[in-house]
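One file, coords.txt, carrying compact mmCIF, C-alpha atoms:
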# COMPACT_ATOMS: atom_id res chain seq x y z
CA MET V 277 -17.47 -19.73 -18.59
CA LYS V 278 -19.67 -20.56 -15.64
CA LYS V 279 -21.57 -17.61 -14.24
CA THR V 280 -21.27 -16.90 -10.55
CA ASP V 281 -23.42 -15.05 -8.05
CA ARG V 282 -21.69 -11.69 -7.55
CA ARG V 283 -22.87 -11.59 -3.93
CA ASP V 284 -21.06 -14.84 -3.22
CA ASP V 285 -17.90 -13.34 -4.69
CA PHE V 286 -18.08 -10.44 -2.25
CA PHE V 287 -18.41 -12.67 0.76
CA ARG V 288 -15.64 -15.02 -0.34
CA ALA V 289 -13.27 -12.13 -1.02
CA ALA V 290 -13.95 -10.41 2.28
CA PRO V 291 -11.15 -10.69 4.83
CA GLY V 292 -11.49 -13.77 6.95
CA GLY V 293 -13.78 -15.53 4.48
CA ILE V 294 -17.02 -14.08 5.86
CA THR V 295 -20.08 -16.03 4.72
CA ARG V 296 -23.42 -14.58 3.73
CA ARG V 297 -24.99 -15.99 6.89
CA ASP V 298 -22.24 -14.35 8.99
CA PHE V 299 -22.74 -11.06 7.18
CA LEU V 300 -26.51 -11.02 7.61
CA TRP V 301 -26.19 -11.96 11.27
CA THR V 302 -23.58 -9.30 12.05
CA SER V 303 -25.53 -6.71 10.08
CA ALA V 304 -28.65 -7.50 12.08
CA LEU V 305 -26.72 -7.17 15.31
CA ALA V 306 -25.27 -3.84 14.23
CA ALA V 307 -28.69 -2.57 13.21
CA ILE V 308 -30.17 -3.21 16.67
CA GLY V 309 -27.06 -2.15 18.53
CA GLY V 310 -26.34 -5.72 19.65
CA ARG V 311 -22.97 -7.23 20.41
CA PHE V 312 -21.39 -10.35 19.02
CA PRO V 313 -21.90 -13.47 21.14
CA THR V 314 -18.95 -14.75 23.15
CA GLY V 315 -16.79 -17.00 21.01
CA TYR V 316 -18.33 -15.74 17.77
CA ARG V 317 -15.86 -15.81 14.86
CA PHE V 318 -15.49 -12.02 14.93
CA ALA V 319 -13.77 -11.01 18.16
CA ARG V 320 -15.43 -8.28 20.18
CA GLU V 321 -12.57 -5.89 19.55
CA GLU V 322 -13.30 -6.10 15.83
CA GLU V 323 -16.93 -5.06 16.20
CA LYS V 324 -16.25 -1.36 16.52
CA GLU V 325 -13.72 -1.49 13.69
CA ARG V 326 -16.20 -3.15 11.34
CA VAL V 327 -18.96 -0.68 12.18
CA ALA V 328 -16.44 2.10 11.49
CA GLY V 329 -15.59 0.52 8.14
CA ARG V 330 -12.20 -0.82 9.16
CA VAL V 331 -11.01 -4.29 10.17
CA ARG V 332 -7.58 -5.60 11.09
CA LYS V 333 -6.74 -9.14 9.94
CA GLY V 334 -3.22 -10.34 10.61
CA GLU V 335 -0.82 -7.64 9.45
CA MET V 336 -3.27 -5.98 7.05
CA THR V 337 -6.01 -3.45 7.69
CA TYR V 338 -9.08 -3.53 5.44
CA ARG V 339 -11.28 -0.52 4.81
CA ARG V 340 -14.77 -0.20 3.43
CA LEU V 341 -14.82 1.14 -0.13
CA GLY V 342 -17.73 3.49 0.32
CA ARG V 343 -21.18 2.30 -0.62
CA THR V 344 -19.79 -0.65 -2.57
CA GLY V 345 -19.45 -2.39 0.80
CA LEU V 346 -16.25 -4.06 -0.39
CA MET V 347 -13.65 -4.45 2.34
CA ILE V 348 -10.36 -3.87 0.52
CA SER V 349 -6.79 -3.92 1.75
CA GLU V 350 -5.72 -0.39 2.57
CA ILE V 351 -2.59 -1.00 0.50
CA GLY V 352 -3.33 -2.35 -2.96
CA LEU V 353 -1.31 -3.31 -6.01
CA GLY V 354 -0.86 -0.96 -8.94
CA GLY V 355 -0.80 -2.67 -12.32
CA SER V 356 1.20 -0.29 -14.50
CA PRO V 357 2.87 -2.73 -14.76
CA PRO V 358 1.99 -5.38 -12.16
CA PRO V 359 4.79 -7.17 -10.28
CA SER V 360 6.07 -10.57 -11.28
CA GLU V 361 4.00 -13.59 -10.33
CA PRO V 362 6.09 -14.53 -7.24
CA VAL V 363 5.81 -11.00 -5.81
CA PHE V 364 2.10 -10.82 -6.67
CA LEU V 365 1.39 -14.13 -4.94
CA LYS V 366 3.37 -13.02 -1.90
CA ALA V 367 1.25 -9.86 -1.79
CA ILE V 368 -1.93 -11.94 -1.74
CA GLU V 369 -0.45 -14.14 0.97
CA MET V 370 0.30 -11.01 3.02
CA GLY V 371 -3.30 -9.84 2.76
CA VAL V 372 -3.49 -7.66 -0.36
CA ASN V 373 -6.88 -8.17 -2.01
CA TYR V 374 -7.13 -5.20 -4.41
CA VAL V 375 -5.40 -4.73 -7.76
CA ASP V 376 -5.78 -1.81 -10.16
CA THR V 377 -5.04 -2.08 -13.88
CA SER V 378 -6.27 -0.74 -17.22
CA SER V 379 -6.92 -1.93 -20.76
CA SER V 380 -4.16 0.46 -21.85
CA TYR V 381 -1.38 -0.66 -19.49
CA SER V 382 1.39 -2.36 -21.45
CA GLY V 383 -0.93 -2.72 -24.42
CA GLY V 384 -3.28 -4.98 -22.47
CA ASN V 385 -0.48 -7.21 -21.19
CA SER V 386 -1.00 -5.98 -17.62
CA GLU V 387 -4.49 -7.46 -17.67
CA ARG V 388 -3.25 -10.67 -19.29
CA LEU V 389 -0.59 -11.17 -16.61
CA ILE V 390 -3.04 -10.44 -13.80
CA GLY V 391 -5.56 -12.81 -15.37
CA ARG V 392 -3.01 -15.64 -15.37
CA ILE V 393 -2.00 -14.98 -11.77
CA ILE V 394 -5.50 -14.78 -10.30
CA LYS V 395 -6.73 -17.88 -12.11
CA GLY V 396 -8.02 -20.16 -9.40
CA ARG V 397 -7.73 -17.29 -6.89
CA ARG V 398 -10.47 -15.01 -8.18
CA ASP V 399 -12.33 -15.17 -4.88
CA ARG V 400 -9.31 -13.69 -3.07
CA ILE V 401 -8.82 -10.53 -5.10
CA HIS V 402 -10.93 -7.53 -6.08
CA VAL V 403 -10.07 -6.43 -9.62
CA ALA V 404 -10.42 -2.86 -10.87
CA THR V 405 -9.70 -1.95 -14.49
CA LYS V 406 -10.54 0.97 -16.76
CA PHE V 407 -11.92 2.01 -20.11
CA HIS V 408 -11.31 5.26 -22.01
CA PHE V 409 -13.56 8.01 -23.33
CA TYR V 410 -12.33 11.19 -25.00
CA GLY V 411 -15.55 12.45 -26.56
CA GLY V 412 -14.63 11.74 -30.18
CA TRP V 413 -17.00 10.44 -32.81
CA ARG V 414 -15.69 6.91 -32.27
CA ASP V 415 -16.42 6.99 -28.53
CA THR V 416 -19.86 5.41 -28.25
CA ARG V 417 -21.58 3.33 -25.64
CA ASP V 418 -21.03 0.19 -27.70
CA ASP V 419 -17.32 0.99 -28.16
CA LEU V 420 -16.92 1.30 -24.39
CA ILE V 421 -18.78 -1.95 -23.80
CA ARG V 422 -16.50 -3.73 -26.29
CA GLU V 423 -13.45 -2.30 -24.53
CA ALA V 424 -14.72 -3.60 -21.18
CA GLU V 425 -15.45 -6.99 -22.70
CA GLY V 426 -11.88 -7.07 -23.99
CA SER V 427 -10.69 -6.51 -20.43
CA LEU V 428 -12.87 -9.38 -19.22
CA SER V 429 -11.29 -11.64 -21.83
CA ARG V 430 -7.72 -10.64 -21.01
CA LEU V 431 -8.36 -10.99 -17.27
CA ALA V 432 -10.01 -14.38 -17.89
CA THR V 433 -12.94 -13.52 -15.64
CA ASP V 434 -16.65 -13.15 -16.20
CA TYR V 435 -17.04 -10.03 -14.07
CA LEU V 436 -15.14 -6.98 -12.86
CA ASP V 437 -15.46 -5.76 -9.31
CA ILE V 438 -14.87 -2.18 -10.47
CA LEU V 439 -14.72 -0.58 -13.91
CA LEU V 440 -13.43 2.98 -13.99
CA LEU V 441 -13.63 5.72 -16.57
CA HIS V 442 -9.91 6.35 -17.06
CA ASP V 443 -8.27 9.78 -16.85
CA ALA V 444 -11.43 11.85 -17.09
CA VAL V 445 -10.53 15.39 -18.18
CA SER V 446 -13.79 17.31 -17.85
CA ALA V 447 -17.22 17.33 -16.26
CA ASP V 448 -18.69 16.71 -19.72
CA VAL V 449 -16.84 13.40 -19.89
CA VAL V 450 -18.04 12.06 -16.53
CA GLU V 451 -21.60 13.16 -17.34
CA SER V 452 -21.61 11.75 -20.89
CA GLU V 453 -24.65 9.64 -21.70
CA GLU V 454 -22.39 7.31 -23.68
CA VAL V 455 -20.27 6.61 -20.60
CA LEU V 456 -23.18 6.33 -18.20
CA GLY V 457 -25.09 4.17 -20.65
CA ALA V 458 -22.15 1.78 -20.95
CA PHE V 459 -21.89 1.48 -17.16
CA GLU V 460 -25.63 0.86 -16.88
CA LYS V 461 -25.64 -1.88 -19.54
CA LEU V 462 -22.55 -3.63 -18.14
CA LYS V 463 -24.05 -3.61 -14.65
CA LYS V 464 -27.38 -4.91 -15.93
CA ASP V 465 -25.61 -7.76 -17.73
CA GLY V 466 -23.65 -8.69 -14.59
CA LYS V 467 -20.29 -7.91 -16.17
CA ILE V 468 -19.33 -5.20 -13.69
CA ARG V 469 -20.34 -4.65 -10.11
CA PHE V 470 -19.43 -1.00 -9.51
CA ALA V 471 -18.54 2.10 -11.53
CA GLY V 472 -15.70 4.49 -10.81
CA VAL V 473 -13.73 7.37 -12.29
CA SER V 474 -10.02 8.21 -12.24
CA CYS V 475 -8.69 11.72 -12.70
CA HIS V 476 -5.19 13.18 -13.06
CA ARG V 477 -5.90 16.90 -13.35
CA ASP V 478 -8.47 19.46 -12.24
CA ILE V 479 -9.75 17.05 -9.63
CA VAL V 480 -12.21 19.58 -8.24
CA GLY V 481 -13.75 20.42 -11.61
CA VAL V 482 -13.98 16.82 -12.82
CA VAL V 483 -14.58 14.65 -9.77
CA THR V 484 -16.98 16.90 -7.85
CA PRO V 485 -19.78 16.55 -10.43
CA ALA V 486 -19.07 12.82 -10.69
CA ILE V 487 -19.61 12.41 -6.95
CA ARG V 488 -22.71 14.61 -6.91
CA SER V 489 -24.26 12.73 -9.82
CA GLY V 490 -24.73 9.62 -7.71
CA ARG V 491 -23.70 7.49 -10.70
CA TYR V 492 -20.18 6.68 -9.52
CA ASP V 493 -19.47 4.34 -6.63
CA MET V 494 -15.80 5.19 -6.16
CA ILE V 495 -13.03 7.50 -7.35
CA THR V 496 -9.30 7.15 -7.87
CA VAL V 497 -7.37 10.42 -7.53
CA ALA V 498 -3.84 11.67 -6.96
CA TYR V 499 -3.34 12.30 -3.24
CA ASN V 500 -0.03 12.47 -1.44
CA SER V 501 2.01 14.35 1.13
CA TYR V 502 2.29 17.29 -1.28
CA SER V 503 -1.50 17.62 -1.44
CA GLY V 504 -2.46 18.88 1.98
CA ALA V 505 -2.15 21.71 4.42
CA GLU V 506 -0.03 19.59 6.74
CA TRP V 507 2.91 21.96 6.74
CA GLU V 508 1.12 25.27 7.36
CA GLU V 509 2.11 25.29 11.02
CA TYR V 510 5.79 25.54 10.13
CA GLU V 511 7.44 28.89 9.56
CA GLY V 512 8.55 29.27 5.99
CA ALA V 513 6.27 26.51 4.75
CA GLY V 514 5.83 28.52 1.57
CA ASP V 515 3.00 27.53 -0.73
CA HIS V 516 2.30 24.05 0.65
CA ARG V 517 -1.41 24.48 1.25
CA ASN V 518 -4.58 22.63 0.46
CA ILE V 519 -5.04 24.93 -2.51
CA SER V 520 -5.65 22.17 -5.02
CA GLY V 521 -8.98 21.44 -3.35
CA VAL V 522 -8.44 17.68 -3.23
CA GLY V 523 -9.17 17.72 0.51
CA LYS V 524 -12.64 19.10 -0.16
CA VAL V 525 -13.22 16.48 -2.84
CA LEU V 526 -12.31 13.69 -0.42
CA ALA V 527 -14.58 15.17 2.24
CA LEU V 528 -17.46 15.30 -0.25
CA ALA V 529 -16.80 11.68 -1.26
CA ARG V 530 -17.00 10.65 2.38
CA GLU V 531 -20.23 12.60 2.85
CA LYS V 532 -21.79 10.89 -0.19
CA ASP V 533 -20.36 7.47 0.78
CA VAL V 534 -18.24 7.27 -2.37
CA GLY V 535 -15.13 5.13 -1.98
CA VAL V 536 -11.70 6.72 -2.48
CA VAL V 537 -8.55 5.04 -3.74
CA ALA V 538 -5.45 7.24 -3.70
CA MET V 539 -2.80 7.06 -6.43
CA LYS V 540 0.50 8.87 -6.98
CA THR V 541 1.11 8.45 -3.25
CA MET V 542 4.87 8.20 -3.80
CA ALA V 543 5.22 11.56 -5.55
CA GLY V 544 8.71 12.97 -5.11
CA GLY V 545 10.31 9.55 -5.41
CA PRO V 546 13.93 8.34 -5.83
CA GLY V 547 14.71 11.11 -8.28
CA GLN V 548 14.23 13.55 -5.42
CA ASN V 549 17.13 12.11 -3.36
CA LEU V 550 15.07 10.50 -0.60
CA ALA V 551 18.17 9.42 1.31
CA ALA V 552 18.95 13.03 2.16
CA PHE V 553 15.76 13.26 4.19
CA ARG V 554 15.99 9.92 5.99
CA ARG V 555 16.32 10.03 9.74
CA GLU V 556 17.35 7.19 11.99
CA GLY V 557 14.57 4.62 12.11
CA VAL V 558 12.47 6.41 9.49
CA SER V 559 11.39 4.98 6.14
CA LEU V 560 10.27 7.89 3.99
CA PRO V 561 8.18 5.65 1.67
CA GLN V 562 6.34 4.28 4.70
CA ALA V 563 5.86 7.81 6.01
CA LYS V 564 4.30 8.85 2.68
CA LEU V 565 1.82 5.98 2.84
CA LYS V 566 0.95 6.63 6.48
CA TRP V 567 0.35 10.30 5.71
CA VAL V 568 -2.23 9.40 3.04
CA LEU V 569 -3.89 6.70 5.15
CA ARG V 570 -4.40 9.14 8.03
CA ASN V 571 -7.33 10.57 6.07
CA ASP V 572 -10.41 8.52 6.96
CA ALA V 573 -11.99 9.39 3.61
CA VAL V 574 -9.33 7.22 1.91
CA SER V 575 -10.29 3.58 1.53
CA ALA V 576 -6.98 2.43 0.09
CA ILE V 577 -3.87 3.45 -1.77
CA ILE V 578 -2.42 1.76 -4.84
CA THR V 579 1.32 1.48 -5.18
CA GLU V 580 3.60 -0.43 -7.49
CA MET V 581 5.60 -3.02 -5.57
CA PHE V 582 8.00 -4.74 -7.94
CA THR V 583 10.30 -6.49 -5.48
CA PHE V 584 9.89 -8.44 -2.25
CA ASP V 585 11.76 -5.71 -0.38
CA ILE V 586 9.46 -2.93 -1.61
CA LEU V 587 6.43 -5.11 -0.95
CA GLU V 588 7.43 -5.82 2.64
CA GLU V 589 8.42 -2.21 3.32
CA ASN V 590 5.17 -0.80 1.99
CA LEU V 591 2.88 -3.34 3.63
CA ALA V 592 4.58 -2.66 6.96
CA ALA V 593 2.87 0.75 6.91
CA SER V 594 -0.59 -0.81 7.14
CA GLY V 595 -2.39 0.02 10.35
CA LYS V 596 0.48 2.14 11.67
CA THR V 597 0.36 5.77 12.77
CA LEU V 598 2.65 8.53 11.52
CA SER V 599 5.34 9.19 14.13
CA ASP V 600 6.75 12.62 14.96
CA ALA V 601 10.08 11.62 13.40
CA GLU V 602 8.36 10.53 10.18
CA LYS V 603 6.33 13.71 10.10
CA GLU V 604 9.48 15.81 10.44
CA SER V 605 11.25 13.89 7.66
CA LEU V 606 8.25 14.35 5.40
CA ARG V 607 8.06 18.04 6.19
CA ARG V 608 11.70 18.56 5.26
CA HIS V 609 11.27 16.54 2.09
CA VAL V 610 8.13 18.39 0.94
CA GLU V 611 9.66 21.73 1.81
CA ALA V 612 12.83 21.04 -0.19
CA THR V 613 11.24 19.41 -3.24
CA GLY V 614 7.75 20.94 -3.41
CA ARG V 615 8.55 23.34 -6.25
CA ASP V 616 9.38 20.40 -8.51
CA VAL V 617 6.21 18.38 -7.89
CA CYS V 618 3.01 19.10 -9.80
CA ARG V 619 -0.19 18.74 -7.73
CA MET V 620 -2.21 18.22 -10.93
CA CYS V 621 -4.75 20.84 -9.85
CA GLY V 622 -4.84 22.39 -13.33
CA GLY V 623 -4.58 25.94 -11.99
CA CYS V 624 -1.91 26.77 -14.57
CA LEU V 625 -3.91 25.78 -17.64
CA PRO V 626 -6.15 28.86 -18.05
CA ALA V 627 -3.08 31.11 -17.85
CA CYS V 628 -1.07 29.47 -20.63
CA PRO V 629 -1.47 31.36 -23.94
CA SER V 630 0.10 28.46 -25.85
CA ARG V 631 -2.30 25.83 -24.44
CA ILE V 632 0.54 23.63 -23.24
CA ALA V 633 -0.69 20.43 -21.52
CA ILE V 634 1.30 21.24 -18.39
CA PRO V 635 -0.09 18.71 -15.86
CA ASP V 636 0.11 15.88 -18.41
CA ILE V 637 3.69 16.77 -19.31
CA LEU V 638 4.82 17.02 -15.70
CA ARG V 639 3.10 13.71 -14.93
CA SER V 640 5.05 12.07 -17.77
CA LEU V 641 8.23 13.60 -16.40
CA MET V 642 7.39 12.24 -12.94
CA TYR V 643 7.07 8.71 -14.35
CA HIS V 644 10.56 9.03 -15.86
CA ARG V 645 12.41 10.95 -13.17
CA ASP V 646 10.81 9.72 -9.95
CA TYR V 647 9.52 6.26 -10.81
CA GLY V 648 12.12 5.10 -13.35
CA LYS V 649 9.37 4.23 -15.85
CA SER V 650 11.01 5.71 -18.94
CA GLY V 651 9.10 3.63 -21.49
CA PRO V 652 5.61 4.50 -20.22
CA ALA V 653 6.77 8.10 -19.70
CA ARG V 654 7.80 8.48 -23.33
CA SER V 655 4.63 6.78 -24.51
CA ALA V 656 2.45 9.11 -22.42
CA TYR V 657 4.39 12.16 -23.58
CA ARG V 658 4.12 11.27 -27.26
CA LYS V 659 0.35 10.90 -26.98
CA ILE V 660 0.13 14.61 -26.19
CA PRO V 661 -0.52 16.56 -29.44
CA ALA V 662 2.76 18.07 -30.66
CA PRO V 663 1.63 21.72 -30.37
CA ASN V 664 0.76 21.13 -26.72
CA ARG V 665 4.11 19.60 -25.69
CA GLY V 666 7.04 21.30 -24.03
CA ALA V 667 8.54 22.46 -27.33
CA GLY V 668 5.60 24.82 -27.75
CA CYS V 669 6.40 26.71 -24.55
CA THR V 670 7.43 30.33 -25.23
CA GLY V 671 8.89 30.84 -21.77
CA CYS V 672 6.51 33.67 -20.91
CA GLY V 673 6.25 32.50 -17.28
CA THR V 674 2.49 33.07 -16.88
CA CYS V 675 1.96 29.46 -15.83
CA GLU V 676 4.44 29.76 -12.96
CA ARG V 677 2.82 32.97 -11.77
CA ALA V 678 -0.56 31.24 -11.84
CA CYS V 679 0.55 28.08 -10.05
CA PRO V 680 -0.63 28.26 -6.42
CA TYR V 681 2.33 26.14 -5.35
CA GLY V 682 5.05 28.04 -7.18
CA VAL V 683 6.12 24.96 -9.14
CA ARG V 684 9.10 25.56 -11.44
CA ILE V 685 7.16 24.69 -14.57
CA GLY V 686 9.31 26.14 -17.36
CA PRO V 687 12.52 24.20 -16.63
CA GLN V 688 10.55 20.99 -16.26
CA LEU V 689 8.76 21.48 -19.58
CA ARG V 690 12.13 21.85 -21.26
CA MET V 691 13.46 18.82 -19.38
CA ALA V 692 10.50 16.71 -20.50
CA GLU V 693 10.96 17.72 -24.13
CA ARG V 694 14.68 16.89 -23.95
CA TRP V 695 14.23 13.51 -22.24
CA LEU V 696 10.93 12.24 -23.57
CA ALA V 697 10.34 13.63 -27.05
Structure translated into structure tokens:
Amino acid sequence: MKKTDRRDDFFRAAPGGITRRDFLWTSALAAIGGRFPTGYRFAREEEKERVAGRVRKGEMTYRRLGRTGLMISEIGLGGSPPPSEPVFLKAIEMGVNYVDTSSSYSGGNSERLIGRIIKGRRDRIHVATKFHFYGGWRDTRDDLIREAEGSLSRLATDYLDILLLHDAVSADVVESEEVLGAFEKLKKDGKIRFAGVSCHRDIVGVVTPAIRSGRYDMITVAYNSYSGAEWEEYEGAGDHRNISGVGKVLALAREKDVGVVAMKTMAGGPGQNLAAFRREGVSLPQAKLKWVLRNDAVSAIITEMFTFDILEENLAASGKTLSDAEKESLRRHVEATGRDVCRMCGGCLPACPSRIAIPDILRSLMYHRDYGKSGPARSAYRKIPAPNRGAGCTGCGTCERACPYGVRIGPQLRMAERWLA
């Protein structure tokens, strides 16, 4: 396969087809405080947006992914699994230029499908995929490199824009010399451009050292309308606070110029009876996306858009502000359903005498109940060691007393064991 200059790929994939000459010229202007000449391809009103790391092109807003410099669509495609080819191509046509997948999604078939779809369109899409490290004796630098090379083969590309360490569970994992060595070798060989980490639990404990290390260019973390302190001003808001610490992690990422991609943005989905919280003229899914995108530390969100209707509804949130009516609908929704949604902070884990994998179990349950992804939910649940599943819960209630959000953990553990085991 013919090798390409990675710098050319960046410029071709940038919104509007920016060339290297354009980029160098605009960078020079920005450096000296100059303005774009009249009639220059970038309109004057875009100058401030670009300097601020944000550009509007058509109906899509693009944000700078931290120090990577990549300008990615603020709404990207999730690949677990990816949509059908017609929906995927429509997404690209509507301005989406970021897709997230993993070597583990659908047994590698997610990457294969994406590889077929982007063939001949590689310069229009930024591809992020993941490899896995659990600290076992078989997890070596060379194993990780082989896993990444397998992704390259399935995606039918000679480079990855971003390779992430998938589902990191501890600071030891993100700081492992095996992991960092694999990233370093893959970058040196031109097979990946940037390194990232994804995390599903204990975001503060895992992602903070990753950011401070300076070895990771971006992070992917769970962040949604259940994460923040948005509802504190309302009487009776209960335990909906920024207790999980994800806000501080995002602020640190911004300070260190580390890009942030938000996942699990649709937490509290259809299984939570969204229609009951809909107000006239309000789309609750759009409101959820707008809430996340209000945070300037967030470069983009990834969401699974399987149909044309979902695609068009979600992309309509790009560049829009959260209205008072949407905010009120979200508040009511979070208030009513918050005790059934795990924030994945991991605060319950030290309290559990039975060492139940609570955040992992509740995440599996979320896939089944809220997202309708029963197959992946069962697969994820069955990967949890049997002693650490819901069946091992003694019902002592210490986890619920430790949870800063008052999540009803016990009933959901039993529900997961009944539905997923």
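Picture a line from atom CA of V:Val497 to atom CA of V:Ala538; it runs 5.3 Å.
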Margin query: Which residues are near V:Ala444? Cut-off 9 Å, only C-alpha atoms, ignore same chain within fewer than 6 positions. Put them as a list in words.
Written below: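 These residues fall inside the cut-off: His408, Phe409, Tyr410, Val450, Val473, Ser474, Cys475, His476, Arg477, Val482 and Val483 of chain V.
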Selection near V:Ile685, 8 Å with only C-alpha atoms, sequence-local residues under 4 positions removed, as a PyMOL selection string
chain V and resi 616+634+675-676+689
With distances taken over all atoms listed in the file, the candidate from V:Ser630, V:Thr405, V:Ser650, V:Ser360 nearest V:Ser378 is V:Thr405
Pick out the residues sitting within 8 Å of V:Lys406, and hand them over as a PDB file with C-alpha atoms, in the coordinates of the input; count only C-alpha atoms, and ignore anything fewer than 3 positions along from it in its own chain.
ATOM      1  CA  THR V 377      -5.040  -2.080 -13.880  1.00  0.00           C
ATOM      2  CA  SER V 378      -6.270  -0.740 -17.220  1.00  0.00           C
ATOM      3  CA  SER V 379      -6.920  -1.930 -20.760  1.00  0.00           C
ATOM      4  CA  ALA V 424     -14.720  -3.600 -21.180  1.00  0.00           C
ATOM      5  CA  LEU V 439     -14.720  -0.580 -13.910  1.00  0.00           C
ATOM      6  CA  LEU V 440     -13.430   2.980 -13.990  1.00  0.00           C
ATOM      7  CA  LEU V 441     -13.630   5.720 -16.570  1.00  0.00           C
ATOM      8  CA  HIS V 442      -9.910   6.350 -17.060  1.00  0.00           C
TER       9      HIS V 442
END
*What's the 7 Å shell around V:Val574, counting only C-alpha atoms, without same-chain residues fewer than 3 positions away, as a PyMOL selection string?*
chain V and resi 536-538+569+571
List as a list in words the protein and nucleic acid residues near V:Pro358, meaning an atom at most 12 Å away when all atoms listed in the file are counted, but skip any in the same chain fewer than 6 places from it.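 The residues that qualify are Gly352, Phe364, Leu365, Ala367, Tyr374, Val375, Asp376, Thr377, Ser378, Tyr381, Ser382, Gly384, Asn385, Ser386, Glu387, Arg388, Leu389, Ile390, Gly391, Arg392, Ile393, Ile578, Thr579, Glu580, Met581, Phe582 and Thr583 of chain V.
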Kindly provide, as JSON, the centre and edge lengths (Å, one decimal) of an axis-aligned box around all atoms of stretch 355-367 of chain V given in the file, with 4 Å on each side.
{"center_x": 2.6, "center_y": -7.4, "center_z": -8.3, "size_x": 14.9, "size_y": 22.2, "size_z": 21.0}
